[in-house]
>>> print(open('coords_0.cif').read())   # mmCIF, C-alpha atoms
data_target
loop_
_atom_site.label_atom_id
_atom_site.label_comp_id
_atom_site.auth_asym_id
_atom_site.auth_seq_id
_atom_site.Cartn_x
_atom_site.Cartn_y
_atom_site.Cartn_z
CA MET A 19 -10.83 -10.85 -24.85
CA GLU A 20 -13.52 -11.38 -22.23
CA ILE A 21 -12.11 -11.72 -18.70
CA GLU A 22 -14.24 -13.05 -15.83
CA ILE A 23 -13.27 -13.98 -12.28
CA ALA A 24 -15.34 -16.45 -10.26
CA THR A 25 -14.87 -16.00 -6.51
CA ILE A 26 -15.74 -19.51 -5.38
CA GLY A 27 -14.31 -19.96 -1.88
CA GLY A 28 -12.44 -17.91 0.71
CA TYR A 29 -14.47 -14.74 0.23
CA GLU A 30 -16.64 -15.20 3.31
CA GLU A 31 -14.11 -16.91 5.62
CA VAL A 32 -10.46 -17.72 6.24
CA GLY A 33 -10.04 -21.03 4.42
CA ARG A 34 -11.38 -23.15 1.52
CA GLN A 35 -9.76 -20.87 -1.05
CA MET A 36 -10.81 -21.27 -4.70
CA THR A 37 -10.86 -18.72 -7.51
CA ALA A 38 -11.30 -19.24 -11.26
CA VAL A 39 -10.21 -16.85 -14.00
CA ARG A 40 -11.71 -17.09 -17.50
CA ALA A 41 -9.74 -15.47 -20.30
CA GLY A 42 -11.65 -16.04 -23.53
CA ASP A 43 -12.28 -19.78 -23.74
CA ASP A 44 -9.53 -20.69 -21.26
CA ILE A 45 -10.00 -21.07 -17.51
CA VAL A 46 -7.39 -21.34 -14.78
CA ILE A 47 -8.37 -22.32 -11.24
CA PHE A 48 -6.28 -20.97 -8.37
CA ASP A 49 -6.38 -23.09 -5.16
CA MET A 50 -8.84 -25.74 -3.98
CA GLY A 51 -8.77 -25.53 -0.21
CA LEU A 52 -10.31 -26.92 2.97
CA ASN A 53 -11.92 -24.96 5.80
CA LEU A 54 -10.26 -26.74 8.72
CA SER A 55 -12.50 -25.21 11.38
CA LYS A 56 -15.57 -26.82 9.78
CA VAL A 57 -13.84 -30.19 10.12
CA LEU A 58 -12.35 -29.74 13.60
CA ILE A 59 -15.68 -28.97 15.28
CA HIS A 60 -16.73 -32.57 14.50
CA ASP A 61 -15.04 -35.15 16.72
CA ASN A 62 -13.05 -37.79 14.82
CA LEU A 63 -14.30 -36.67 11.40
CA ARG A 64 -12.28 -38.20 8.57
CA THR A 65 -12.70 -36.36 5.28
CA GLU A 66 -10.89 -39.04 3.22
CA GLY A 67 -13.98 -41.23 2.93
CA MET A 68 -16.56 -38.45 2.60
CA HIS A 69 -18.38 -37.37 -0.54
CA SER A 70 -17.67 -33.90 -1.90
CA LEU A 71 -21.34 -32.87 -1.73
CA ASP A 72 -21.46 -33.64 2.00
CA LEU A 73 -18.31 -31.58 2.54
CA ILE A 74 -19.77 -28.72 0.46
CA ASP A 75 -22.93 -28.77 2.58
CA MET A 76 -20.78 -28.60 5.73
CA GLY A 77 -18.94 -25.57 4.35
CA ALA A 78 -15.69 -27.53 4.48
CA ILE A 79 -14.76 -27.29 0.77
CA PRO A 80 -15.70 -24.80 -1.97
CA ASP A 81 -19.04 -25.09 -3.72
CA ASP A 82 -17.72 -25.16 -7.27
CA ARG A 83 -21.10 -25.42 -9.01
CA VAL A 84 -20.70 -21.80 -10.16
CA MET A 85 -18.06 -23.15 -12.57
CA SER A 86 -20.90 -24.27 -14.85
CA ASP A 87 -21.61 -20.57 -15.51
CA LEU A 88 -18.13 -20.01 -16.98
CA GLU A 89 -18.03 -20.73 -20.73
CA GLY A 90 -14.68 -22.33 -21.42
CA ASP A 91 -12.37 -25.20 -20.60
CA VAL A 92 -10.22 -25.48 -17.47
CA GLN A 93 -6.58 -25.56 -18.57
CA ALA A 94 -4.85 -25.78 -15.18
CA ILE A 95 -5.48 -26.07 -11.44
CA VAL A 96 -2.84 -23.99 -9.66
CA PRO A 97 -2.36 -24.15 -5.87
CA SER A 98 -0.28 -21.22 -4.62
CA HIS A 99 1.32 -23.24 -1.79
CA GLY A 100 0.88 -26.37 0.29
CA HIS A 101 -1.32 -25.29 3.20
CA LEU A 102 -4.53 -27.32 3.51
CA ASP A 103 -6.74 -24.25 3.13
CA HIS A 104 -5.28 -24.06 -0.40
CA ILE A 105 -4.84 -27.74 -1.42
CA GLY A 106 -7.16 -29.69 0.92
CA ALA A 107 -10.05 -29.98 -1.57
CA ILE A 108 -8.01 -31.02 -4.62
CA SER A 109 -8.61 -34.72 -3.94
CA LYS A 110 -12.38 -34.02 -3.77
CA LEU A 111 -12.87 -31.64 -6.71
CA ALA A 112 -10.00 -31.83 -9.23
CA HIS A 113 -11.29 -35.02 -10.89
CA ARG A 114 -14.21 -32.96 -12.26
CA TYR A 115 -11.84 -31.04 -14.52
CA ASP A 116 -9.72 -32.38 -17.38
CA ALA A 117 -6.72 -30.30 -16.36
CA PRO A 118 -3.33 -30.80 -14.70
CA VAL A 119 -2.45 -29.60 -11.22
CA VAL A 120 0.53 -27.23 -11.65
CA ALA A 121 2.58 -26.26 -8.59
CA THR A 122 6.08 -26.05 -7.11
CA PRO A 123 7.75 -29.40 -6.27
CA PHE A 124 7.06 -29.29 -2.49
CA THR A 125 3.41 -28.38 -3.09
CA CYS A 126 3.09 -31.11 -5.73
CA GLU A 127 4.40 -33.72 -3.31
CA LEU A 128 1.90 -32.63 -0.66
CA VAL A 129 -0.90 -32.88 -3.24
CA ARG A 130 0.23 -36.41 -4.12
CA GLU A 131 0.03 -37.37 -0.44
CA GLU A 132 -3.47 -35.93 -0.15
CA VAL A 133 -4.56 -37.86 -3.24
CA GLU A 134 -3.07 -41.11 -1.92
CA ASP A 135 -5.20 -40.80 1.23
CA GLU A 136 -8.41 -40.15 -0.75
CA GLN A 137 -10.92 -43.00 -0.45
CA LYS A 138 -13.97 -41.71 -2.35
CA PHE A 139 -12.79 -40.41 -5.72
CA GLY A 140 -10.31 -41.54 -8.35
CA PHE A 141 -7.71 -38.98 -9.40
CA ASP A 142 -6.38 -39.04 -12.95
CA ASN A 143 -5.18 -35.45 -13.27
CA ASP A 144 -1.54 -34.97 -14.19
CA ILE A 145 0.60 -33.28 -11.55
CA VAL A 146 3.09 -30.91 -13.18
CA GLU A 147 6.00 -29.36 -11.28
CA MET A 148 7.07 -25.81 -12.08
CA ASP A 149 9.61 -23.77 -10.12
CA ALA A 150 9.29 -20.14 -9.11
CA GLY A 151 10.27 -18.05 -12.13
CA GLY A 152 8.86 -20.64 -14.52
CA THR A 153 6.19 -20.07 -17.19
CA MET A 154 3.82 -22.21 -19.27
CA SER A 155 1.39 -21.49 -22.10
CA ILE A 156 -2.33 -21.58 -21.34
CA GLY A 157 -4.66 -22.40 -24.24
CA ASP A 158 -4.17 -21.13 -27.79
CA HIS A 159 -4.98 -17.44 -27.45
CA GLY A 160 -1.82 -15.89 -26.08
CA CYS A 161 -2.26 -16.50 -22.33
CA GLU A 162 0.67 -17.51 -20.12
CA LEU A 163 0.98 -18.70 -16.53
CA GLU A 164 3.94 -17.45 -14.48
CA PHE A 165 5.10 -18.30 -10.94
CA VAL A 166 6.57 -15.38 -8.96
CA ASN A 167 8.54 -16.33 -5.85
CA VAL A 168 7.06 -15.12 -2.56
CA THR A 169 7.80 -15.82 1.11
CA HIS A 170 5.23 -17.33 3.46
CA SER A 171 5.12 -19.67 6.47
CA ILE A 172 5.68 -22.66 4.18
CA VAL A 173 8.46 -23.30 1.68
CA GLN A 174 8.13 -22.91 -2.11
CA ALA A 175 5.15 -20.55 -2.00
CA ILE A 176 4.45 -18.57 -5.16
CA ASN A 177 2.00 -15.99 -6.43
CA PRO A 178 0.70 -17.28 -9.77
CA VAL A 179 0.17 -14.69 -12.50
CA LEU A 180 -2.04 -15.26 -15.54
CA HIS A 181 -0.84 -13.03 -18.37
CA THR A 182 -3.65 -12.23 -20.83
CA PRO A 183 -3.85 -9.87 -23.84
CA GLU A 184 -5.87 -7.53 -21.58
CA GLY A 185 -3.29 -7.45 -18.80
CA ALA A 186 -2.08 -9.64 -15.96
CA ILE A 187 -4.22 -11.28 -13.27
CA VAL A 188 -2.08 -11.54 -10.11
CA TYR A 189 -3.31 -14.03 -7.52
CA GLY A 190 -1.75 -12.64 -4.34
CA LEU A 191 -2.54 -15.34 -1.74
CA ASP A 192 -0.57 -15.82 0.67
CA LYS A 193 2.68 -14.01 1.41
CA ARG A 194 4.77 -11.72 3.54
CA MET A 195 7.59 -9.47 2.38
CA ASP A 196 10.63 -11.37 3.67
CA HIS A 197 14.03 -10.22 2.38
CA THR A 198 16.03 -12.46 4.78
CA PRO A 199 14.20 -15.81 4.88
CA VAL A 200 15.64 -18.78 6.79
CA ILE A 201 15.02 -21.17 3.87
CA GLY A 202 14.65 -20.26 0.20
CA ASP A 203 14.93 -17.03 -1.76
CA PRO A 204 13.56 -13.58 -0.81
CA ILE A 205 10.29 -12.34 -2.25
CA ASP A 206 10.80 -11.28 -5.88
CA MET A 207 9.66 -7.66 -5.66
CA GLU A 208 11.68 -6.77 -8.76
CA ARG A 209 9.52 -9.10 -10.85
CA PHE A 210 6.29 -7.72 -9.37
CA ARG A 211 7.41 -4.20 -10.33
CA GLU A 212 8.19 -5.38 -13.87
CA ILE A 213 4.75 -7.01 -14.22
CA GLY A 214 3.13 -3.78 -13.06
CA ARG A 215 4.80 -1.81 -15.84
CA GLU A 216 5.04 -4.14 -18.84
CA GLY A 217 2.42 -4.55 -21.58
CA ASN A 218 -1.05 -3.62 -20.38
CA GLY A 219 0.04 -3.79 -16.75
CA VAL A 220 -2.00 -5.55 -14.08
CA LEU A 221 -5.68 -5.87 -14.92
CA CYS A 222 -6.60 -7.35 -11.54
CA TYR A 223 -4.93 -8.08 -8.20
CA ILE A 224 -6.55 -10.63 -5.86
CA GLU A 225 -5.13 -10.11 -2.36
CA ASP A 226 -5.12 -11.82 1.03
CA CYS A 227 -6.42 -9.38 3.68
CA THR A 228 -5.48 -11.30 6.85
CA ASN A 229 -3.34 -8.61 8.52
CA ALA A 230 -4.65 -5.52 6.74
CA ASN A 231 -5.78 -4.11 10.10
CA LYS A 232 -2.22 -4.18 11.50
CA LYS A 233 0.09 -1.20 11.16
CA GLY A 234 3.70 -1.42 10.02
CA ARG A 235 5.30 -4.35 8.28
CA THR A 236 5.47 -8.08 8.97
CA PRO A 237 8.89 -9.04 10.38
CA SER A 238 11.14 -11.53 8.61
CA GLU A 239 11.37 -15.19 9.60
CA SER A 240 14.93 -14.36 10.70
CA VAL A 241 13.34 -12.21 13.47
CA ALA A 242 11.27 -15.18 14.67
CA ARG A 243 14.43 -17.31 14.57
CA GLU A 244 16.29 -14.91 16.89
CA HIS A 245 13.27 -14.68 19.22
CA LEU A 246 13.17 -18.47 19.36
CA ARG A 247 16.92 -18.63 20.00
CA ASP A 248 16.58 -16.19 22.90
CA VAL A 249 13.71 -18.15 24.47
CA LEU A 250 15.37 -21.56 24.21
CA TYR A 251 18.81 -20.31 25.32
CA SER A 252 17.14 -18.87 28.44
CA MET A 253 16.20 -22.48 29.35
CA GLU A 254 19.71 -23.88 28.86
CA ASP A 255 20.21 -24.56 32.59
CA TYR A 256 16.73 -25.95 33.21
CA ASP A 257 16.84 -29.72 33.75
CA GLY A 258 13.11 -30.45 33.46
CA GLY A 259 10.81 -30.84 30.51
CA ILE A 260 10.71 -28.46 27.54
CA ILE A 261 8.13 -28.95 24.76
CA THR A 262 7.71 -26.86 21.62
CA SER A 263 4.86 -26.71 19.13
CA THR A 264 4.61 -24.95 15.78
CA PHE A 265 2.95 -25.36 12.39
CA SER A 266 4.05 -28.74 11.00
CA SER A 267 4.26 -27.17 7.55
CA HIS A 268 6.58 -24.37 8.75
CA ILE A 269 9.79 -26.12 7.71
CA ALA A 270 12.01 -23.09 8.42
CA ARG A 271 10.69 -22.80 11.98
CA VAL A 272 10.99 -26.53 12.67
CA LYS A 273 14.56 -26.42 11.37
CA SER A 274 15.41 -23.55 13.76
CA ILE A 275 13.94 -25.42 16.75
CA ILE A 276 16.00 -28.51 15.88
CA GLU A 277 19.20 -26.48 15.68
CA PHE A 278 18.64 -24.60 18.96
CA ALA A 279 17.60 -27.76 20.82
CA ARG A 280 20.95 -29.30 19.97
CA GLU A 281 22.81 -26.13 20.91
CA ILE A 282 21.34 -26.24 24.45
CA GLY A 283 22.22 -29.92 24.77
CA ARG A 284 18.89 -31.58 24.07
CA GLN A 285 17.89 -34.17 21.49
CA PRO A 286 15.06 -32.90 19.25
CA ILE A 287 12.36 -35.39 18.26
CA LEU A 288 9.50 -34.61 15.86
CA LEU A 289 6.28 -36.15 17.16
CA GLY A 290 2.95 -36.30 15.35
CA ARG A 291 1.73 -37.51 11.99
CA SER A 292 1.76 -34.10 10.29
CA MET A 293 5.22 -33.30 11.71
CA GLU A 294 6.52 -36.48 10.14
CA GLN A 295 4.66 -35.84 6.88
CA TYR A 296 5.81 -32.28 6.17
CA SER A 297 9.40 -32.71 7.35
CA GLY A 298 9.73 -36.02 5.49
CA THR A 299 8.41 -34.37 2.34
CA ALA A 300 10.89 -31.51 2.70
CA ARG A 301 13.76 -34.01 2.82
CA GLN A 302 12.31 -35.91 -0.13
CA VAL A 303 12.28 -32.88 -2.46
CA GLY A 304 15.77 -31.77 -1.46
CA ILE A 305 15.00 -28.84 0.86
CA ASP A 306 17.78 -27.95 3.28
CA PHE A 307 16.54 -29.78 6.39
CA PRO A 308 18.39 -31.92 9.01
CA SER A 309 18.57 -35.50 7.79
CA ASP A 310 19.38 -37.06 11.16
CA VAL A 311 16.45 -35.90 13.30
CA GLU A 312 14.13 -38.58 14.69
CA MET A 313 10.54 -38.41 13.39
CA VAL A 314 7.66 -40.44 14.87
CA GLY A 315 4.19 -40.24 13.34
CA TYR A 316 1.84 -42.88 14.70
CA ARG A 317 0.22 -42.90 18.13
CA ARG A 318 1.56 -46.20 19.44
CA SER A 319 5.10 -45.32 18.37
CA ILE A 320 4.71 -41.83 19.83
CA ASP A 321 3.67 -43.21 23.21
CA GLN A 322 6.63 -45.62 23.15
CA THR A 323 8.94 -42.69 22.37
CA LEU A 324 7.45 -40.66 25.23
CA GLU A 325 8.03 -43.60 27.58
CA ARG A 326 11.67 -43.62 26.49
CA ILE A 327 11.96 -39.89 27.10
CA MET A 328 10.59 -40.32 30.63
CA ASN A 329 12.92 -43.24 31.34
CA ASP A 330 16.04 -41.51 29.97
CA GLY A 331 15.21 -38.15 31.54
CA LYS A 332 13.09 -35.30 30.17
CA GLY A 333 16.04 -32.94 30.52
CA ASN A 334 17.84 -34.73 27.68
CA PHE A 335 15.13 -34.16 25.04
CA LEU A 336 13.11 -31.46 23.33
CA PRO A 337 9.93 -32.88 21.77
CA ILE A 338 8.58 -30.83 18.82
CA VAL A 339 4.90 -31.72 18.75
CA THR A 340 1.63 -31.06 16.93
CA GLY A 341 -1.22 -29.20 18.63
CA HIS A 342 -0.39 -25.48 18.67
CA GLN A 343 -4.04 -24.63 17.89
CA GLY A 344 -5.33 -26.86 20.70
CA GLU A 345 -6.70 -29.44 18.24
CA PRO A 346 -8.50 -32.10 20.34
CA ARG A 347 -6.71 -35.11 18.80
CA ALA A 348 -3.25 -33.51 18.54
CA LEU A 349 -0.38 -34.69 20.71
CA LEU A 350 0.08 -31.54 22.80
CA THR A 351 -3.61 -31.57 23.77
CA ARG A 352 -3.36 -35.23 24.77
CA MET A 353 -0.28 -34.39 26.84
CA ALA A 354 -2.22 -31.55 28.50
CA ARG A 355 -5.03 -33.97 29.37
CA GLY A 356 -2.57 -36.46 30.88
CA GLU A 357 -3.34 -39.08 28.23
CA THR A 358 0.28 -39.89 27.31
CA PRO A 359 3.26 -41.39 29.17
CA TYR A 360 4.87 -37.91 29.27
CA GLU A 361 4.33 -36.42 32.74
CA LEU A 362 4.31 -32.65 33.06
CA ASP A 363 5.79 -31.31 36.29
CA GLU A 364 5.62 -27.96 38.02
CA GLY A 365 7.80 -25.49 36.09
CA ASP A 366 8.06 -27.45 32.81
CA LYS A 367 8.15 -25.20 29.75
CA VAL A 368 5.80 -25.24 26.77
CA VAL A 369 6.77 -22.95 23.88
CA PHE A 370 4.10 -22.05 21.33
CA SER A 371 6.02 -20.94 18.25
CA ALA A 372 2.74 -20.10 16.51
CA ARG A 373 -0.18 -17.73 16.85
CA VAL A 374 -3.78 -18.83 17.14
CA ILE A 375 -5.49 -18.69 13.75
CA PRO A 376 -8.10 -15.93 14.32
CA GLU A 377 -11.20 -18.09 14.19
CA PRO A 378 -13.54 -18.94 17.12
CA THR A 379 -13.05 -22.72 17.00
CA ASN A 380 -9.27 -22.44 17.15
CA GLU A 381 -9.32 -19.72 19.79
CA GLY A 382 -11.56 -21.79 22.06
CA GLN A 383 -9.52 -24.97 21.64
CA ARG A 384 -6.21 -23.20 22.23
CA TYR A 385 -7.57 -21.51 25.37
CA GLN A 386 -8.65 -24.88 26.74
CA ALA A 387 -5.29 -26.51 25.94
CA GLU A 388 -3.34 -23.73 27.68
CA LYS A 389 -5.57 -23.96 30.77
CA LEU A 390 -5.04 -27.73 30.95
CA LEU A 391 -1.27 -27.29 30.63
CA GLY A 392 -1.31 -24.70 33.39
CA MET A 393 -3.31 -26.99 35.68
CA GLN A 394 -0.45 -29.49 35.42
CA GLY A 395 2.07 -26.83 36.39
CA ALA A 396 3.48 -26.05 32.95
CA ARG A 397 4.60 -22.52 32.11
CA VAL A 398 3.53 -21.34 28.68
CA TYR A 399 5.70 -19.20 26.38
CA ASP A 400 3.25 -17.72 23.91
CA ASP A 401 3.56 -16.17 20.46
CA VAL A 402 7.21 -16.89 19.65
CA HIS A 403 6.28 -16.24 16.05
CA VAL A 404 5.95 -13.89 13.10
CA SER A 405 3.01 -13.93 10.74
CA GLY A 406 3.12 -15.26 7.20
CA HIS A 407 0.88 -12.46 5.92
CA LEU A 408 1.40 -8.84 4.90
CA CYS A 409 0.66 -6.01 7.31
CA GLN A 410 -0.36 -2.55 6.06
CA GLU A 411 3.02 -1.34 4.79
CA GLY A 412 3.44 -4.51 2.75
CA HIS A 413 0.05 -3.92 1.15
CA TYR A 414 0.98 -0.35 0.25
CA GLU A 415 4.23 -1.60 -1.30
CA MET A 416 2.44 -4.26 -3.38
CA LEU A 417 -0.08 -1.72 -4.70
CA ASP A 418 2.76 0.62 -5.62
CA ALA A 419 4.64 -2.20 -7.39
CA LEU A 420 1.66 -3.61 -9.32
CA GLN A 421 -0.53 -0.51 -9.84
CA PRO A 422 -3.53 -2.75 -10.59
CA GLN A 423 -6.56 -1.50 -12.51
CA HIS A 424 -8.89 -3.63 -10.34
CA ILE A 425 -8.56 -5.16 -6.85
CA ILE A 426 -10.47 -8.07 -5.29
CA PRO A 427 -9.96 -8.60 -1.52
CA ALA A 428 -9.87 -12.27 -0.46
CA HIS A 429 -9.05 -14.68 2.39
CA GLN A 430 -11.42 -13.07 4.93
CA ASP A 431 -15.05 -12.46 5.81
CA LEU A 432 -16.75 -9.14 5.10
CA LYS A 433 -15.64 -7.71 8.45
CA GLY A 434 -12.07 -8.73 7.68
CA PHE A 435 -12.19 -6.94 4.33
CA SER A 436 -12.94 -3.55 5.88
CA SER A 437 -9.38 -2.52 6.78
CA TYR A 438 -8.09 -3.46 3.33
CA VAL A 439 -10.95 -1.54 1.70
CA ASP A 440 -9.99 1.56 3.72
CA LEU A 441 -6.33 1.09 2.72
CA CYS A 442 -7.19 0.77 -0.98
CA GLU A 443 -9.53 3.76 -0.91
CA SER A 444 -6.73 5.84 0.62
CA GLU A 445 -4.80 4.97 -2.57
CA GLY A 446 -7.58 6.20 -4.85
CA TYR A 447 -9.58 3.03 -5.48
CA ARG A 448 -13.36 3.07 -4.99
CA MET A 449 -15.87 0.39 -4.00
CA GLY A 450 -18.08 -0.58 -6.93
CA ARG A 451 -15.75 0.99 -9.49
CA ASP A 452 -12.37 -0.74 -9.36
CA LEU A 453 -12.44 -2.25 -5.83
CA HIS A 454 -14.69 -5.32 -5.79
CA VAL A 455 -15.78 -6.72 -2.42
CA THR A 456 -17.55 -9.96 -3.24
CA ARG A 457 -18.84 -13.21 -1.76
CA ASN A 458 -18.50 -16.91 -2.51
CA GLY A 459 -20.24 -17.99 -5.71
CA ASN A 460 -20.09 -14.67 -7.56
CA ILE A 461 -18.68 -13.87 -11.02
CA ILE A 462 -17.03 -10.50 -11.71
CA GLU A 463 -16.81 -9.44 -15.35
CA LEU A 464 -13.72 -7.29 -15.84
CA VAL A 465 -13.57 -7.09 -19.64
#
>>> encode(input="coords_0.cif", output="C-alpha cells")
Amino acid sequence: MEIEIATIGGYEEVGRQMTAVRAGDDIVIFDMGLNLSKVLIHDNLRTEGMHSLDLIDMGAIPDDRVMSDLEGDVQAIVPSHGHLDHIGAISKLAHRYDAPVVATPFTCELVREEVEDEQKFGFDNDIVEMDAGGTMSIGDHGCELEFVNVTHSIVQAINPVLHTPEGAIVYGLDKRMDHTPVIGDPIDMERFREIGREGNGVLCYIEDCTNANKKGRTPSESVAREHLRDVLYSMEDYDGGIITSTFSSHIARVKSIIEFAREIGRQPILLGRSMEQYSGTARQVGIDFPSDVEMVGYRRSIDQTLERIMNDGKGNFLPIVTGHQGEPRALLTRMARGETPYELDEGDKVVFSARVIPEPTNEGQRYQAEKLLGMQGARVYDDVHVSGHLCQEGHYEMLDALQPQHIIPAHQDLKGFSSYVDLCESEGYRMGRDLHVTRNGNIIELV
C-alpha cells in the first residue's frame, strides 16, 4: 500500500497545525489549526467573517491546496485536542472535505462552538465523538484509527494513530508524560509500547518539538498545583487585591486556582469570554469541575462585576482573568492600562500561572503588560506553571516505546527542529534517510 504524508501546516512555525496521511485511496487529516500570532498583530481582527483565502494569505490558517496532489478521498478530520492552533481552522476548511470531524467529547464541543461563530462558510460535516482507547475503521482496505490517551495542558487530549497494513502512523502532537494528572487519566505508555511492537510496528512518528532543547523531563501538573498552592497560601494574610491569569483552556489549572482561592478565604470569579467558554464546556461534557463558581464573559457584565468587587472589598475576591500572554484586548491588559473599574494599588499581587508562548508577538505583548502592571504598583509572580510538552527525556522514552522506522519533526520552525534532530541522530536516525525535516506544503512518500 502506498503511504504518503502531506505536511501542510505547523512545519515552519508554532501553530496552524495540519497534516494529511494517505494510505492507498484513503486520507486522514490530523488537525486544522490557527496561527494566533498572525491574528493578534492586527488590532480588532475578527476571523469569523473572513474568507479562508484571505486567512491563508495572512499565514493564519494552513494552505491546504497541496491536498489536490493526494490521490484519494478524505475519510476523517481528526483534531488531537481543543487548542486553537489545532482546531481554529476547522470552520474555514473542513467544508471542503466530505468527511466527519472525529475527536474526544470536549474537543468536539469546542469545535461545535467554533462552527457556531463562523459567519462565512456553511458547515455540514458530521461531528463524531470517540473516547481515548476507541477505534474506528477507515475506508475499505484494512486501515483503522485509534485514539491513545495522552496528557497535555487541556483535558481529553489524545494522540491519534492510523493503523495501516504497512505499519502505524503515530501523530504525536501535543503531550507531556504526566503520570499524576490533576484531571483525567495518566498518559497510556503501555499502549504506545504495544503499538511499537505489534504487527509491522510504527512506520512513522510525527512529533512536537517544542521543548526538545530542554534537558530532563517535564514535571507533572500535580507539581504546578503544589507550586500554585504555595504561592497563594503565602498571600493568605494579604488584604489587598490578588489577580491570577492562566490559559482559559487549562481546566485542571483553573480548577486548582478555584480551590486554593476558597481555602485562603477568597471568592473566585472567572472573568473573560474564553474563561467562560472553556469552563462552561467542561461542565457541559461532565468533566470534574466546580459547578458553583461565578463565570462572567461579556465586557459590560465584567465591568459591573469589577465594580462590585471594588465596592465589597478586593480582599474578599480572587479574579481569574484572561490575558496571560498580554493580548491587547484581554481583561488583564485592560486592567493594566487602567481601563476597568478595578483599581490596582501598591503591593497588589498578579500571578501568571502560564509561560509566554515562545513567539515574538506574544513575548512583546507580555513584556508590555507586565511593565504596565508594575507602573501601577502591582507585584508580579511569574511562571507558576509547568509545560504541556515533552522535554528531552520524554522524547527518548517515546522513541524507545515506539521504535519508529521514520520520524517527522513538527510544531516548530527549522531552528526549533535542530535540537530534536540532534536527539534523534543520537539514537541512530539520519537526516535524509529516516529522519525527515520538512516544510509546509511538502509531500513525503514513505511507501
>>> residues_around(input="coords_0.cif", residues="region 153-155 of chain A", least_positions_apart="6", cutoff="6 Å", atoms="all atoms listed in the file", output="list of chain:residue names")
A:Glu162, A:Leu163, A:Glu164
>>> residues_around(input="coords_0.cif", residues="region 124-131 of chain A", least_positions_apart="3", cutoff="8 Å", atoms="all atoms listed in the file", output="list in words")
Pro97, His99, Gly100, Ile105, Ile108, Ser109, Val119, Val120, Ala121, Glu134, Asp135, Ile145, Val146, Glu147, Val173, Gln174, Tyr296, Thr299, Ala300 and Val303 of chain A
>>> write_last_selection(input="coords_0.cif", atoms="C-alpha atoms", output="tab-separated table (two decimals), keeping the file's coordinate frame")
chain	number	residue	atom	x	y	z
A	97	PRO	CA	-2.36	-24.15	-5.87
A	99	HIS	CA	1.32	-23.24	-1.79
A	100	GLY	CA	0.88	-26.37	0.29
A	105	ILE	CA	-4.84	-27.74	-1.42
A	108	ILE	CA	-8.01	-31.02	-4.62
A	109	SER	CA	-8.61	-34.72	-3.94
A	119	VAL	CA	-2.45	-29.60	-11.22
A	120	VAL	CA	0.53	-27.23	-11.65
A	121	ALA	CA	2.58	-26.26	-8.59
A	134	GLU	CA	-3.07	-41.11	-1.92
A	135	ASP	CA	-5.20	-40.80	1.23
A	145	ILE	CA	0.60	-33.28	-11.55
A	146	VAL	CA	3.09	-30.91	-13.18
A	147	GLU	CA	6.00	-29.36	-11.28
A	173	VAL	CA	8.46	-23.30	1.68
A	174	GLN	CA	8.13	-22.91	-2.11
A	296	TYR	CA	5.81	-32.28	6.17
A	299	THR	CA	8.41	-34.37	2.34
A	300	ALA	CA	10.89	-31.51	2.70
A	303	VAL	CA	12.28	-32.88	-2.46
>>> resolve_selection(input="coords_0.cif", expression="the PyMOL selection byres ((chain A and resi 88) around 10)", output="PDB file with C-alpha atoms, keeping the file's coordinate frame")
ATOM      1  CA  GLU A  22     -14.240 -13.050 -15.830  1.00  0.00           C
ATOM      2  CA  ILE A  23     -13.270 -13.980 -12.280  1.00  0.00           C
ATOM      3  CA  ALA A  24     -15.340 -16.450 -10.260  1.00  0.00           C
ATOM      4  CA  ALA A  38     -11.300 -19.240 -11.260  1.00  0.00           C
ATOM      5  CA  VAL A  39     -10.210 -16.850 -14.000  1.00  0.00           C
ATOM      6  CA  ARG A  40     -11.710 -17.090 -17.500  1.00  0.00           C
ATOM      7  CA  ASP A  43     -12.280 -19.780 -23.740  1.00  0.00           C
ATOM      8  CA  ASP A  44      -9.530 -20.690 -21.260  1.00  0.00           C
ATOM      9  CA  ILE A  45     -10.000 -21.070 -17.510  1.00  0.00           C
ATOM     10  CA  VAL A  84     -20.700 -21.800 -10.160  1.00  0.00           C
ATOM     11  CA  MET A  85     -18.060 -23.150 -12.570  1.00  0.00           C
ATOM     12  CA  SER A  86     -20.900 -24.270 -14.850  1.00  0.00           C
ATOM     13  CA  ASP A  87     -21.610 -20.570 -15.510  1.00  0.00           C
ATOM     14  CA  GLU A  89     -18.030 -20.730 -20.730  1.00  0.00           C
ATOM     15  CA  GLY A  90     -14.680 -22.330 -21.420  1.00  0.00           C
ATOM     16  CA  ASP A  91     -12.370 -25.200 -20.600  1.00  0.00           C
ATOM     17  CA  VAL A  92     -10.220 -25.480 -17.470  1.00  0.00           C
ATOM     18  CA  ILE A 461     -18.680 -13.870 -11.020  1.00  0.00           C
TER      19      ILE A 461
END
>>> atom_distance(input="coords_0.cif", atom1="CA of Asp255 (chain A)", atom2="CA of Val369 (chain A)")
16.1 Å
>>> residues_around(input="coords_0.cif", residues="Thr351 (chain A)", least_positions_apart="6", cutoff="7 Å", atoms="all atoms listed in the file", output="list in words")
Gly341, Gly344, Glu345 and Ala387 of chain A
>>> residues_near_point(input="coords_0.cif", point="(13.9, -17.9, 12.4)", cutoff="12 Å", atoms="all atoms listed in the file", output="number ranges by chain")
A: 171, 196, 198-201, 237-248, 268-278, 371, 402-405
>>> resolve_selection(input="coords_0.cif", expression="the PyMOL selection byres ((chain A and resi 49) around 12)", output="PyMOL selection string")
chain A and resi 25-28+33-39+46-48+50-52+79-80+82+94-109+111-112+119-121+125+129+176-178+189-192+429
>>> resolve_selection(input="coords_0.cif", expression="the PyMOL selection byres ((chain A and resi 211) around 9)", output="MDAnalysis selection string")
chainID A and resid 207:210 212:216 416 418:421
>>> atom_distance(input="coords_0.cif", atom1="CA of Lys193 (chain A)", atom2="CA of Asn229 (chain A)")
10.8 Å
>>> closest_residue(input="coords_0.cif", among="A:Gly450, A:Gly290, A:Pro308, A:Gly333", to="Glu254 (chain A)", atoms="all atoms listed in the file")
A:Gly333
